[in-house]
$ cat entry22.txt   # compact mmCIF, C-alpha atoms
# COMPACT_ATOMS: atom_id res chain seq x y z
CA MET A 354 2.66 -20.44 12.86
CA THR A 355 -0.57 -19.67 14.68
CA GLU A 356 -2.50 -18.48 11.63
CA THR A 357 -5.30 -21.00 11.96
CA LYS A 358 -6.34 -19.71 15.40
CA LEU A 359 -6.72 -16.12 14.25
CA PRO A 360 -9.88 -14.42 12.95
CA PRO A 361 -10.15 -13.45 9.25
CA VAL A 362 -8.91 -9.88 9.84
CA THR A 363 -7.23 -9.55 6.43
CA GLN A 364 -10.26 -10.81 4.53
CA ILE A 365 -12.56 -8.43 6.42
CA ALA A 366 -10.15 -5.55 5.73
CA VAL A 367 -10.18 -6.37 1.98
CA VAL A 368 -13.99 -6.12 1.93
CA SER A 369 -13.85 -2.89 3.97
CA PHE A 370 -11.34 -1.33 1.53
CA ALA A 371 -13.45 -2.45 -1.43
CA LEU A 372 -16.50 -0.70 0.05
CA ILE A 373 -14.49 2.51 0.60
CA VAL A 374 -13.12 2.41 -2.95
CA ALA A 375 -16.60 1.77 -4.38
CA SER A 376 -17.98 4.72 -2.40
CA GLY A 377 -15.18 6.99 -3.60
CA ILE A 378 -15.65 5.95 -7.24
CA TRP A 379 -19.41 6.54 -6.93
CA ILE A 380 -18.80 10.13 -5.77
CA VAL A 381 -15.99 11.15 -8.12
CA SER A 382 -17.61 9.59 -11.20
CA HIS A 383 -20.61 11.94 -10.77
CA LEU A 384 -18.62 15.18 -10.42
CA PRO A 385 -19.27 18.04 -11.05
CA GLU A 386 -22.97 17.17 -11.11
CA HIS A 387 -25.01 16.54 -7.96
CA VAL A 388 -23.99 13.26 -6.32
CA PRO A 389 -26.71 11.13 -4.69
CA LEU A 390 -25.00 10.37 -1.37
CA GLY A 391 -27.27 7.52 -0.23
CA PRO A 392 -25.25 4.67 -1.83
CA SER A 393 -21.97 6.16 -0.57
CA ALA A 394 -23.32 6.56 2.96
CA ILE A 395 -24.44 2.91 2.99
CA LEU A 396 -21.05 1.73 1.71
CA ILE A 397 -19.18 3.86 4.28
CA ALA A 398 -21.38 2.65 7.12
CA ALA A 399 -20.79 -0.98 6.10
CA SER A 400 -17.05 -0.34 5.87
CA ALA A 401 -17.00 1.30 9.33
CA LEU A 402 -18.90 -1.68 10.70
CA LEU A 403 -16.23 -3.99 9.31
CA VAL A 404 -13.48 -1.91 10.99
CA ALA A 405 -15.35 -2.23 14.29
CA THR A 406 -15.75 -5.97 13.66
CA ASN A 407 -12.02 -6.32 13.13
CA VAL A 408 -11.26 -4.41 16.34
CA VAL A 409 -13.64 -6.61 18.33
CA LEU A 410 -12.25 -9.79 16.77
CA LEU A 411 -8.69 -8.73 17.59
CA LEU A 412 -9.59 -7.81 21.18
CA ARG A 413 -10.95 -11.33 21.63
CA VAL A 414 -7.73 -13.03 20.48
CA ARG A 415 -5.97 -14.59 23.46
CA ASP A 416 -2.28 -13.72 24.00
CA PHE A 417 -2.21 -11.41 21.01
CA ASP A 418 1.13 -9.61 20.75
CA TRP A 419 -0.23 -6.08 21.32
CA ALA A 420 3.23 -4.62 21.98
CA ARG A 421 4.37 -5.64 18.49
CA PHE A 422 1.01 -4.59 17.04
CA PHE A 423 1.30 -1.04 18.42
CA ALA A 424 5.02 -0.80 17.60
CA VAL A 425 4.08 -0.99 13.91
CA ALA A 426 0.52 0.39 13.93
CA LYS A 427 1.44 3.72 15.60
CA TRP A 428 3.96 4.64 12.90
CA ALA A 429 1.69 3.39 10.14
CA LEU A 430 -1.09 5.50 11.66
CA LEU A 431 1.16 8.57 11.55
CA ALA A 432 2.07 7.91 7.89
CA TYR A 433 -1.52 7.30 6.81
CA CYS A 434 -2.75 10.38 8.74
CA VAL A 435 -0.26 12.45 6.68
CA ILE A 436 -1.50 10.82 3.44
CA SER A 437 -5.17 11.26 4.42
CA GLY A 438 -4.51 14.84 5.51
CA MET A 439 -3.00 15.67 2.12
CA LEU A 440 -5.96 14.12 0.29
CA GLU A 441 -8.40 16.02 2.53
CA TRP A 442 -6.55 19.26 1.77
CA VAL A 443 -6.84 18.58 -1.97
CA PHE A 444 -10.60 17.94 -1.69
CA ILE A 445 -11.11 21.18 0.28
CA LYS A 446 -8.87 23.15 -2.07
CA ASP A 447 -10.92 21.90 -5.02
CA GLY A 448 -14.10 23.25 -3.44
CA THR A 449 -15.64 20.01 -2.18
CA ARG A 450 -18.13 20.92 0.53
CA GLY A 451 -21.17 19.67 2.47
CA GLY A 452 -22.28 16.06 2.32
CA GLU A 453 -19.71 15.06 -0.30
CA LEU A 454 -16.86 16.37 1.87
CA ALA A 455 -18.30 14.63 4.93
CA VAL A 456 -18.50 11.28 3.11
CA LEU A 457 -15.00 11.63 1.64
CA THR A 458 -13.60 12.65 5.07
CA LEU A 459 -15.20 9.63 6.72
CA SER A 460 -13.70 7.43 3.98
CA LEU A 461 -10.25 8.86 4.71
CA VAL A 462 -10.71 8.35 8.47
CA ILE A 463 -11.64 4.69 7.93
CA PHE A 464 -8.70 4.27 5.53
CA ALA A 465 -6.28 5.90 8.02
CA ILE A 466 -7.42 3.58 10.81
CA HIS A 467 -7.87 0.31 8.95
CA VAL A 468 -4.54 0.22 7.05
CA PRO A 469 -2.41 0.61 10.24
CA LEU A 470 -4.65 -1.92 12.02
CA LEU A 471 -4.03 -4.43 9.25
CA MET A 472 -0.28 -3.76 9.22
CA GLY A 473 -0.04 -4.16 12.99
CA TYR A 474 -2.07 -7.37 12.80
CA THR A 475 0.02 -8.86 9.97
CA VAL A 476 3.18 -8.27 12.00
CA ALA A 477 1.80 -9.35 15.38
CA ARG A 478 0.15 -12.55 14.14
CA TYR A 479 3.50 -14.32 13.85
CA PRO A 480 4.96 -15.29 17.26
CA GLU A 481 8.33 -14.08 18.50
CA THR A 482 9.63 -17.64 18.67
CA TYR A 483 8.67 -20.80 16.83
CA ASP A 484 9.12 -24.53 17.40
CA MET B 65 38.81 -32.27 -2.45
CA ALA B 66 37.73 -33.39 1.02
CA THR B 67 38.28 -29.86 2.36
CA ALA B 68 36.20 -28.42 -0.45
CA THR B 69 33.37 -30.88 0.26
CA LEU B 70 33.48 -30.04 3.97
CA ALA B 71 33.41 -26.33 3.24
CA ALA B 72 30.46 -26.81 0.91
CA ALA B 73 28.61 -28.84 3.55
CA GLU B 74 29.24 -26.11 6.14
CA THR B 75 27.91 -23.52 3.73
CA VAL B 76 24.76 -25.56 3.13
CA HIS B 77 24.01 -26.11 6.81
CA ALA B 78 25.11 -22.73 8.18
CA PRO B 79 22.15 -20.59 9.33
CA PRO B 80 21.55 -17.62 7.03
CA VAL B 81 23.32 -14.43 8.03
CA ILE B 82 20.97 -11.47 8.36
CA PRO B 83 22.67 -8.16 7.65
CA GLU B 84 21.98 -5.15 9.87
CA PHE B 85 19.16 -3.03 8.42
CA GLU B 86 16.57 -0.41 9.35
CA ILE B 87 12.91 -1.33 8.74
CA VAL B 88 12.25 2.30 7.77
CA PRO B 89 15.44 3.88 6.38
CA LYS B 90 15.60 7.18 8.27
CA LYS B 91 17.93 8.72 5.68
CA GLY B 92 15.11 8.48 3.14
CA LEU B 93 12.56 10.40 5.22
CA PRO B 94 13.87 13.90 4.33
CA ILE B 95 13.68 12.95 0.63
CA VAL B 96 10.07 11.82 1.07
CA ALA B 97 9.28 15.07 2.91
CA LEU B 98 10.92 17.09 0.12
CA VAL B 99 8.88 15.29 -2.55
CA LEU B 100 5.64 15.84 -0.62
CA VAL B 101 6.43 19.55 -0.15
CA GLY B 102 7.05 19.71 -3.91
CA LEU B 103 3.68 18.03 -4.52
CA ILE B 104 1.89 20.51 -2.24
CA ALA B 105 3.63 23.41 -4.00
CA ALA B 106 2.68 21.99 -7.42
CA ILE B 107 -0.98 21.66 -6.46
CA ALA B 108 -1.08 25.03 -4.69
CA SER B 109 0.45 26.75 -7.75
CA ASN B 110 -2.73 25.98 -9.75
CA LYS B 111 -0.64 25.64 -12.89
CA LEU B 112 -0.85 22.86 -15.46
CA TRP B 113 2.84 22.03 -15.91
CA PRO B 114 3.77 21.24 -12.27
CA VAL B 115 0.83 18.85 -11.77
CA GLU B 116 1.41 17.28 -15.18
CA PHE B 117 5.07 16.78 -14.27
CA PHE B 118 4.21 15.09 -10.97
CA HIS B 119 1.52 12.89 -12.54
CA VAL B 120 3.57 11.79 -15.56
CA ALA B 121 6.92 11.39 -13.77
CA PHE B 122 5.60 9.56 -10.72
CA GLY B 123 3.03 7.60 -12.75
CA ALA B 124 5.85 6.34 -14.98
CA LEU B 125 7.88 5.38 -11.90
CA TRP B 126 4.88 3.58 -10.38
CA THR B 127 4.25 1.59 -13.58
CA ALA B 128 7.94 0.78 -14.02
CA PHE B 129 8.35 -0.35 -10.40
CA ASP B 130 5.26 -2.57 -10.51
CA LEU B 131 6.16 -4.17 -13.84
CA PHE B 132 9.80 -4.64 -12.84
CA LEU B 133 8.97 -6.09 -9.42
CA GLY B 134 6.12 -8.26 -10.67
CA PHE B 135 7.65 -9.68 -13.82
CA VAL B 136 11.45 -9.31 -13.55
CA LEU B 137 12.69 -9.09 -9.99
CA GLY B 138 9.92 -11.22 -8.40
CA PRO B 139 10.63 -14.40 -10.40
CA ILE B 140 14.40 -13.89 -9.93
CA LEU B 141 13.95 -13.46 -6.17
CA GLY B 142 11.98 -16.69 -6.00
CA ARG B 143 14.91 -18.64 -7.51
CA LEU B 144 17.71 -17.19 -5.37
CA SER B 145 19.34 -19.06 -2.48
CA ILE B 146 17.96 -18.28 0.98
CA GLN B 147 21.04 -16.22 1.88
CA SER B 148 20.85 -14.17 -1.32
CA ARG B 149 17.11 -13.70 -0.88
CA ILE B 150 17.62 -12.40 2.66
CA GLU B 151 20.34 -9.98 1.52
CA MET B 152 18.17 -8.73 -1.33
CA THR B 153 15.10 -8.44 0.91
CA THR B 154 16.86 -6.49 3.68
CA ARG B 155 18.22 -4.02 1.12
CA LEU B 156 15.20 -3.69 -1.16
CA MET B 157 12.12 -3.90 1.07
CA PRO B 158 12.93 -1.01 3.48
CA LYS B 159 13.39 1.30 0.49
CA MET B 160 10.12 0.08 -1.02
CA LEU B 161 8.34 1.04 2.22
CA LEU B 162 9.19 4.68 1.54
CA ILE B 163 9.20 4.72 -2.26
CA MET B 164 5.86 3.11 -3.11
CA PRO B 165 3.44 5.11 -0.88
CA THR B 166 5.19 8.35 -1.96
CA ILE B 167 4.98 7.49 -5.66
CA VAL B 168 1.33 6.41 -5.40
CA LEU B 169 0.32 9.53 -3.45
CA CYS B 170 2.07 11.85 -5.93
CA THR B 171 0.62 10.09 -8.99
CA LEU B 172 -2.96 10.04 -7.75
CA THR B 173 -3.22 13.52 -6.24
CA ALA B 174 -1.42 15.16 -9.16
CA GLY B 175 -3.51 13.06 -11.57
CA TRP B 176 -6.71 14.28 -9.97
CA GLN B 177 -5.57 17.90 -10.30
CA LEU B 178 -4.48 17.29 -13.90
CA GLY B 179 -7.92 15.82 -14.61
CA ARG B 180 -9.49 19.02 -13.27
CA PHE B 181 -7.33 21.11 -15.61
CA VAL B 182 -7.88 19.00 -18.71
CA GLY B 183 -11.43 17.87 -17.94
CA PRO B 184 -11.80 14.07 -18.24
CA ILE B 185 -12.68 13.62 -14.57
CA PHE B 186 -15.91 15.56 -15.14
CA SER B 187 -18.99 13.64 -16.27
CA GLY B 188 -19.95 14.60 -19.82
CA HIS B 189 -16.34 14.69 -21.04
CA PRO B 190 -15.78 12.30 -24.00
CA ASP B 191 -13.07 10.39 -22.06
CA HIS B 192 -14.96 10.26 -18.77
CA ASP B 193 -15.83 6.56 -19.13
CA LEU B 194 -12.16 5.69 -19.63
CA ILE B 195 -11.24 7.68 -16.52
CA VAL B 196 -13.92 5.88 -14.48
CA ALA B 197 -12.47 2.58 -15.74
CA SER B 198 -9.06 3.75 -14.53
CA TYR B 199 -10.58 4.56 -11.08
CA ILE B 200 -11.76 0.95 -10.87
CA ILE B 201 -8.35 -0.45 -11.87
CA VAL B 202 -6.50 1.85 -9.46
CA GLY B 203 -9.04 0.94 -6.78
CA VAL B 204 -8.33 -2.77 -7.21
CA MET B 205 -4.58 -2.04 -7.15
CA ALA B 206 -5.01 -0.03 -3.95
CA ILE B 207 -6.98 -2.83 -2.29
CA VAL B 208 -4.30 -5.39 -3.22
CA ALA B 209 -1.43 -3.11 -2.18
CA LEU B 210 -2.95 -1.94 1.12
CA SER B 211 -4.37 -5.23 2.29
CA VAL B 212 -1.69 -7.69 1.18
CA LEU B 213 1.43 -6.20 -0.40
CA GLU B 214 2.36 -3.52 2.10
CA PRO B 215 1.51 -5.48 5.29
CA ALA B 216 3.56 -8.40 3.91
CA ASN B 217 6.44 -6.02 3.19
CA VAL B 218 6.45 -4.73 6.79
CA ALA B 219 5.88 -8.15 8.32
CA VAL B 220 8.79 -9.79 6.49
CA LEU B 221 11.15 -7.05 7.71
CA VAL B 222 9.92 -7.36 11.29
CA GLU B 223 10.33 -11.15 11.06
CA LEU B 224 13.91 -10.71 9.83
CA LYS B 225 14.63 -8.49 12.85
CA LYS B 226 13.73 -11.30 15.28
CA PRO B 227 16.60 -13.18 16.97
CA ARG B 228 15.48 -16.38 15.22
CA PRO B 229 13.38 -15.55 12.15
CA ASN B 230 10.94 -18.24 11.03
CA PRO B 231 11.88 -19.24 7.45
CA GLU B 232 8.36 -20.54 6.84
CA VAL B 233 6.86 -17.13 7.70
CA ILE B 234 9.40 -15.32 5.51
CA GLN B 235 8.72 -17.66 2.61
CA THR B 236 4.94 -17.26 2.95
CA LEU B 237 5.15 -13.47 3.13
CA MET B 238 7.64 -13.17 0.27
CA ARG B 239 5.50 -15.40 -1.92
CA ARG B 240 2.51 -13.18 -1.08
CA PHE B 241 4.56 -10.07 -1.90
CA ILE B 242 5.74 -11.42 -5.26
CA TYR B 243 2.30 -12.69 -6.36
CA THR B 244 0.58 -9.43 -5.46
CA ALA B 245 3.34 -7.42 -7.18
CA GLY B 246 2.58 -9.52 -10.28
CA ILE B 247 -1.14 -8.74 -10.01
CA THR B 248 -0.53 -5.00 -9.68
CA GLY B 249 1.99 -5.24 -12.55
CA ALA B 250 -0.67 -6.80 -14.79
CA LEU B 251 -3.16 -4.11 -13.78
CA GLN B 252 -0.57 -1.46 -14.63
CA VAL B 253 -0.67 -2.67 -18.25
CA ALA B 254 -4.42 -1.89 -18.29
CA THR B 255 -3.72 1.55 -16.77
CA LEU B 256 -1.11 2.21 -19.48
CA VAL B 257 -3.65 1.38 -22.21
CA ILE B 258 -6.27 3.70 -20.68
CA MET B 259 -3.90 6.60 -19.97
CA THR B 260 -2.33 6.52 -23.44
CA LYS B 261 -5.82 6.45 -24.99
CA VAL B 262 -6.83 9.49 -22.90
CA GLY B 263 -3.53 11.20 -23.77
CA ALA B 264 -3.98 10.49 -27.48
CA ALA B 265 -7.51 11.89 -27.40
$ encode --input "entry22.txt" --output "structure tokens"
Amino acid sequence: MTETKLPPVTQIAVVSFALIVASGIWIVSHLPEHVPLGPSAILIAASALLVATNVVLLLRVRDFDWARFFAVAKWALLAYCVISGMLEWVFIKDGTRGGELAVLTLSLVIFAIHVPLLMGYTVARYPETYD
Amino acid sequence: MATATLAAAETVHAPPVIPEFEIVPKKGLPIVALVLVGLIAAIASNKLWPVEFFHVAFGALWTAFDLFLGFVLGPILGRLSIQSRIEMTTRLMPKMLLIMPTIVLCTLTAGWQLGRFVGPIFSGHPDHDLIVASYIIVGVMAIVALSVLEPANVAVLVELKKPRPNPEVIQTLMRRFIYTAGITGALQVATLVIMTKVGAA
């Protein structure tokens, strides 16, 4: 296995998901009253930064199996776009608007990108053949 | 006697046979689509019963699956022979890839709508603190499931599709899958306590 040579993509993804979840809980626990969006915006920005970090780290891995990565990630992306789309529809249907909707939408976008990235990585990290 | 010993030795040293399987069972996709259309219809109807049905039915399934996988099937799977484990994995895991995300999506979206009908999701409601506690528990479950459980599920199936799967990789991923299923199973007990308290109130 080549695990030791790879960057901590899973660990970074865990922190990124935790930030998204914390942001979501912050918003929904205040409803229907006014939600101060500052903490959520900071959490989302930090989570997005971690997604970007993961992308950069993966791009720097030598001989990474991108074919296998995309073979899984593209279908996972489709599935998580459907899930995120349904959640977005529910938020809009329930009358969420303005800054709250923007923050929740960004959370869903990060979620829909990061989960497929992690799935593709988990599959591609193990080589086709082993000694 | 000698023949029996030889046959046993051959069985021990024979490489495991991997049955033919689909990573994502295509036959299940129309069922998933049907369930999701039902969920959309339930939410769009703006009626209490359909969303309550989806939340209770799928929530019960989610809890049952997590408890069963974490505390019953997981430990059994760990003690099976490699061949049996492979057969079980290639039959169970592809189905789990479709079942779990569908169940989770139905439970959470219908639960949110149910909370809007009944009121505990709104701050000021007497059970609001319990509901916020349930958000935290579900959040932790989601983090565990999305970052470890589901990627391990997919990765073990892809590994088994390789011409020469690495047993070490499969063992590592399966161990990860079983441990995380146990963690989510334990968290489901906490969810049960909270939801029955909210229901009783």
$ interface_residues --input "entry22.txt" --of "chain A" --to "chain B" --cutoff "9 Å" --atoms "all atoms listed in the file" --output "PDB file with C-alpha atoms, keeping the file's coordinate frame"
ATOM      1  CA  MET A 354       2.660 -20.440  12.860  1.00  0.00           C
ATOM      2  CA  THR A 363      -7.230  -9.550   6.430  1.00  0.00           C
ATOM      3  CA  GLN A 364     -10.260 -10.810   4.530  1.00  0.00           C
ATOM      4  CA  ALA A 366     -10.150  -5.550   5.730  1.00  0.00           C
ATOM      5  CA  VAL A 367     -10.180  -6.370   1.980  1.00  0.00           C
ATOM      6  CA  VAL A 368     -13.990  -6.120   1.930  1.00  0.00           C
ATOM      7  CA  PHE A 370     -11.340  -1.330   1.530  1.00  0.00           C
ATOM      8  CA  ALA A 371     -13.450  -2.450  -1.430  1.00  0.00           C
ATOM      9  CA  VAL A 374     -13.120   2.410  -2.950  1.00  0.00           C
ATOM     10  CA  ALA A 375     -16.600   1.770  -4.380  1.00  0.00           C
ATOM     11  CA  ILE A 378     -15.650   5.950  -7.240  1.00  0.00           C
ATOM     12  CA  VAL A 381     -15.990  11.150  -8.120  1.00  0.00           C
ATOM     13  CA  SER A 382     -17.610   9.590 -11.200  1.00  0.00           C
ATOM     14  CA  HIS A 383     -20.610  11.940 -10.770  1.00  0.00           C
ATOM     15  CA  LEU A 384     -18.620  15.180 -10.420  1.00  0.00           C
ATOM     16  CA  PRO A 385     -19.270  18.040 -11.050  1.00  0.00           C
ATOM     17  CA  GLU A 386     -22.970  17.170 -11.110  1.00  0.00           C
ATOM     18  CA  VAL A 425       4.080  -0.990  13.910  1.00  0.00           C
ATOM     19  CA  ILE A 436      -1.500  10.820   3.440  1.00  0.00           C
ATOM     20  CA  MET A 439      -3.000  15.670   2.120  1.00  0.00           C
ATOM     21  CA  LEU A 440      -5.960  14.120   0.290  1.00  0.00           C
ATOM     22  CA  VAL A 443      -6.840  18.580  -1.970  1.00  0.00           C
ATOM     23  CA  LYS A 446      -8.870  23.150  -2.070  1.00  0.00           C
ATOM     24  CA  ASP A 447     -10.920  21.900  -5.020  1.00  0.00           C
ATOM     25  CA  VAL A 468      -4.540   0.220   7.050  1.00  0.00           C
ATOM     26  CA  PRO A 469      -2.410   0.610  10.240  1.00  0.00           C
ATOM     27  CA  LEU A 471      -4.030  -4.430   9.250  1.00  0.00           C
ATOM     28  CA  MET A 472      -0.280  -3.760   9.220  1.00  0.00           C
ATOM     29  CA  GLY A 473      -0.040  -4.160  12.990  1.00  0.00           C
ATOM     30  CA  TYR A 474      -2.070  -7.370  12.800  1.00  0.00           C
ATOM     31  CA  THR A 475       0.020  -8.860   9.970  1.00  0.00           C
ATOM     32  CA  VAL A 476       3.180  -8.270  12.000  1.00  0.00           C
ATOM     33  CA  ALA A 477       1.800  -9.350  15.380  1.00  0.00           C
ATOM     34  CA  TYR A 479       3.500 -14.320  13.850  1.00  0.00           C
ATOM     35  CA  GLU A 481       8.330 -14.080  18.500  1.00  0.00           C
ATOM     36  CA  THR A 482       9.630 -17.640  18.670  1.00  0.00           C
ATOM     37  CA  TYR A 483       8.670 -20.800  16.830  1.00  0.00           C
TER      38      TYR A 483
END
$ residues_around --input "entry22.txt" --residues "A:Ser460" --least-positions-apart "4" --cutoff "7 Å" --atoms "all atoms listed in the file" --output "NGL selection string"
:A and (373 or 397 or 456 or 464)
$ atom_distance --input "entry22.txt" --atom1 "atom CA of B:Val168" --atom2 "atom CA of B:Met205"
10.5 Å
$ atom_distance --input "entry22.txt" --atom1 "atom CA of B:Gly138" --atom2 "atom CA of B:Cys170"
24.5 Å
$ residues_near_point --input "entry22.txt" --point "(12.9, -14.9, -7.1)" --cutoff "12 Å" --atoms "only C-alpha atoms" --output "ChimeraX atom specification"
/B:133-146,148-150,152-153,235,238-239,241-243
$ write_last_selection --input "entry22.txt" --atoms "C-alpha atoms" --output "PDB file, in the coordinates of the input"
ATOM      1  CA  LEU B 133       8.970  -6.090  -9.420  1.00  0.00           C
ATOM      2  CA  GLY B 134       6.120  -8.260 -10.670  1.00  0.00           C
ATOM      3  CA  PHE B 135       7.650  -9.680 -13.820  1.00  0.00           C
ATOM      4  CA  VAL B 136      11.450  -9.310 -13.550  1.00  0.00           C
ATOM      5  CA  LEU B 137      12.690  -9.090  -9.990  1.00  0.00           C
ATOM      6  CA  GLY B 138       9.920 -11.220  -8.400  1.00  0.00           C
ATOM      7  CA  PRO B 139      10.630 -14.400 -10.400  1.00  0.00           C
ATOM      8  CA  ILE B 140      14.400 -13.890  -9.930  1.00  0.00           C
ATOM      9  CA  LEU B 141      13.950 -13.460  -6.170  1.00  0.00           C
ATOM     10  CA  GLY B 142      11.980 -16.690  -6.000  1.00  0.00           C
ATOM     11  CA  ARG B 143      14.910 -18.640  -7.510  1.00  0.00           C
ATOM     12  CA  LEU B 144      17.710 -17.190  -5.370  1.00  0.00           C
ATOM     13  CA  SER B 145      19.340 -19.060  -2.480  1.00  0.00           C
ATOM     14  CA  ILE B 146      17.960 -18.280   0.980  1.00  0.00           C
ATOM     15  CA  SER B 148      20.850 -14.170  -1.320  1.00  0.00           C
ATOM     16  CA  ARG B 149      17.110 -13.700  -0.880  1.00  0.00           C
ATOM     17  CA  ILE B 150      17.620 -12.400   2.660  1.00  0.00           C
ATOM     18  CA  MET B 152      18.170  -8.730  -1.330  1.00  0.00           C
ATOM     19  CA  THR B 153      15.100  -8.440   0.910  1.00  0.00           C
ATOM     20  CA  GLN B 235       8.720 -17.660   2.610  1.00  0.00           C
ATOM     21  CA  MET B 238       7.640 -13.170   0.270  1.00  0.00           C
ATOM     22  CA  ARG B 239       5.500 -15.400  -1.920  1.00  0.00           C
ATOM     23  CA  PHE B 241       4.560 -10.070  -1.900  1.00  0.00           C
ATOM     24  CA  ILE B 242       5.740 -11.420  -5.260  1.00  0.00           C
ATOM     25  CA  TYR B 243       2.300 -12.690  -6.360  1.00  0.00           C
TER      26      TYR B 243
END
$ atom_distance --input "entry22.txt" --atom1 "atom CA of A:Phe423" --atom2 "atom CA of B:Glu151"
27.0 Å
$ closest_residue --input "entry22.txt" --among "B:Phe118, B:Gly175, B:Arg240, B:Pro184" --to "B:Val101" --atoms "all atoms listed in the file"
B:Phe118
$ residues_around --input "entry22.txt" --residues "A:Leu390" --least-positions-apart "3" --cutoff "12 Å" --atoms "only C-alpha atoms" --output "ChimeraX atom specification"
/A:376-381,383,387,393-397,451-457
$ residues_around --input "entry22.txt" --residues "B:Val120" --least-positions-apart "2" --cutoff "12 Å" --atoms "only C-alpha atoms" --output "NGL selection string"
:B and (112-118 or 122-128 or 167-168 or 170-176 or 178 or 256 or 259-260 or 263)
$ residues_around --input "entry22.txt" --residues "A:Val414" --least-positions-apart "4" --cutoff "12 Å" --atoms "only C-alpha atoms" --output "mmCIF file with C-alpha atoms, in the frame of the given file"
data_model
loop_
_atom_site.group_PDB
_atom_site.id
_atom_site.type_symbol
_atom_site.label_atom_id
_atom_site.label_comp_id
_atom_site.auth_asym_id
_atom_site.auth_seq_id
_atom_site.Cartn_x
_atom_site.Cartn_y
_atom_site.Cartn_z
ATOM 1 C CA THR A 355 -0.570 -19.670 14.680
ATOM 2 C CA GLU A 356 -2.500 -18.480 11.630
ATOM 3 C CA THR A 357 -5.300 -21.000 11.960
ATOM 4 C CA LYS A 358 -6.340 -19.710 15.400
ATOM 5 C CA LEU A 359 -6.720 -16.120 14.250
ATOM 6 C CA PRO A 360 -9.880 -14.420 12.950
ATOM 7 C CA PRO A 361 -10.150 -13.450 9.250
ATOM 8 C CA VAL A 362 -8.910 -9.880 9.840
ATOM 9 C CA ASN A 407 -12.020 -6.320 13.130
ATOM 10 C CA VAL A 408 -11.260 -4.410 16.340
ATOM 11 C CA VAL A 409 -13.640 -6.610 18.330
ATOM 12 C CA LEU A 410 -12.250 -9.790 16.770
ATOM 13 C CA ASP A 418 1.130 -9.610 20.750
ATOM 14 C CA TRP A 419 -0.230 -6.080 21.320
ATOM 15 C CA TYR A 474 -2.070 -7.370 12.800
ATOM 16 C CA ALA A 477 1.800 -9.350 15.380
ATOM 17 C CA ARG A 478 0.150 -12.550 14.140
#
$ decode --input "entry22.txt" --residues "stretch 455-468 of chain A" --atoms "N, CA and C atoms" --output "PDB file, in the first residue's frame"
ATOM      1  N   ALA A 455     -28.010  31.911   0.825  1.00  0.00           N
ATOM      2  CA  ALA A 455     -26.680  31.936   0.186  1.00  0.00           C
ATOM      3  C   ALA A 455     -25.703  31.052   0.966  1.00  0.00           C
ATOM      4  N   VAL A 456     -25.730  31.177   2.302  1.00  0.00           N
ATOM      5  CA  VAL A 456     -24.807  30.392   3.131  1.00  0.00           C
ATOM      6  C   VAL A 456     -25.137  28.897   3.024  1.00  0.00           C
ATOM      7  N   LEU A 457     -26.437  28.574   3.089  1.00  0.00           N
ATOM      8  CA  LEU A 457     -26.829  27.157   2.989  1.00  0.00           C
ATOM      9  C   LEU A 457     -26.477  26.588   1.614  1.00  0.00           C
ATOM     10  N   THR A 458     -26.667  27.399   0.551  1.00  0.00           N
ATOM     11  CA  THR A 458     -26.332  26.944  -0.809  1.00  0.00           C
ATOM     12  C   THR A 458     -24.837  26.670  -0.933  1.00  0.00           C
ATOM     13  N   LEU A 459     -24.040  27.604  -0.389  1.00  0.00           N
ATOM     14  CA  LEU A 459     -22.581  27.391  -0.435  1.00  0.00           C
ATOM     15  C   LEU A 459     -22.192  26.126   0.320  1.00  0.00           C
ATOM     16  N   SER A 460     -22.868  25.883   1.442  1.00  0.00           N
ATOM     17  CA  SER A 460     -22.588  24.658   2.223  1.00  0.00           C
ATOM     18  C   SER A 460     -22.866  23.430   1.369  1.00  0.00           C
ATOM     19  N   LEU A 461     -23.994  23.457   0.652  1.00  0.00           N
ATOM     20  CA  LEU A 461     -24.363  22.310  -0.184  1.00  0.00           C
ATOM     21  C   LEU A 461     -23.378  22.126  -1.340  1.00  0.00           C
ATOM     22  N   VAL A 462     -22.899  23.248  -1.895  1.00  0.00           N
ATOM     23  CA  VAL A 462     -21.930  23.167  -2.999  1.00  0.00           C
ATOM     24  C   VAL A 462     -20.633  22.507  -2.495  1.00  0.00           C
ATOM     25  N   ILE A 463     -20.180  22.945  -1.329  1.00  0.00           N
ATOM     26  CA  ILE A 463     -18.947  22.371  -0.761  1.00  0.00           C
ATOM     27  C   ILE A 463     -19.142  20.882  -0.488  1.00  0.00           C
ATOM     28  N   PHE A 464     -20.299  20.552   0.100  1.00  0.00           N
ATOM     29  CA  PHE A 464     -20.642  19.160   0.395  1.00  0.00           C
ATOM     30  C   PHE A 464     -20.648  18.321  -0.890  1.00  0.00           C
ATOM     31  N   ALA A 465     -21.281  18.871  -1.949  1.00  0.00           N
ATOM     32  CA  ALA A 465     -21.414  18.122  -3.213  1.00  0.00           C
ATOM     33  C   ALA A 465     -20.080  17.948  -3.941  1.00  0.00           C
ATOM     34  N   ILE A 466     -19.112  18.797  -3.624  1.00  0.00           N
ATOM     35  CA  ILE A 466     -17.782  18.663  -4.249  1.00  0.00           C
ATOM     36  C   ILE A 466     -16.876  17.784  -3.399  1.00  0.00           C
ATOM     37  N   HIS A 467     -16.924  18.011  -2.080  1.00  0.00           N
ATOM     38  CA  HIS A 467     -15.932  17.363  -1.215  1.00  0.00           C
ATOM     39  C   HIS A 467     -16.184  15.862  -1.020  1.00  0.00           C
ATOM     40  N   VAL A 468     -17.460  15.462  -0.947  1.00  0.00           N
ATOM     41  CA  VAL A 468     -17.746  14.024  -0.752  1.00  0.00           C
ATOM     42  C   VAL A 468     -17.251  13.215  -1.965  1.00  0.00           C
TER      43      VAL A 468
END
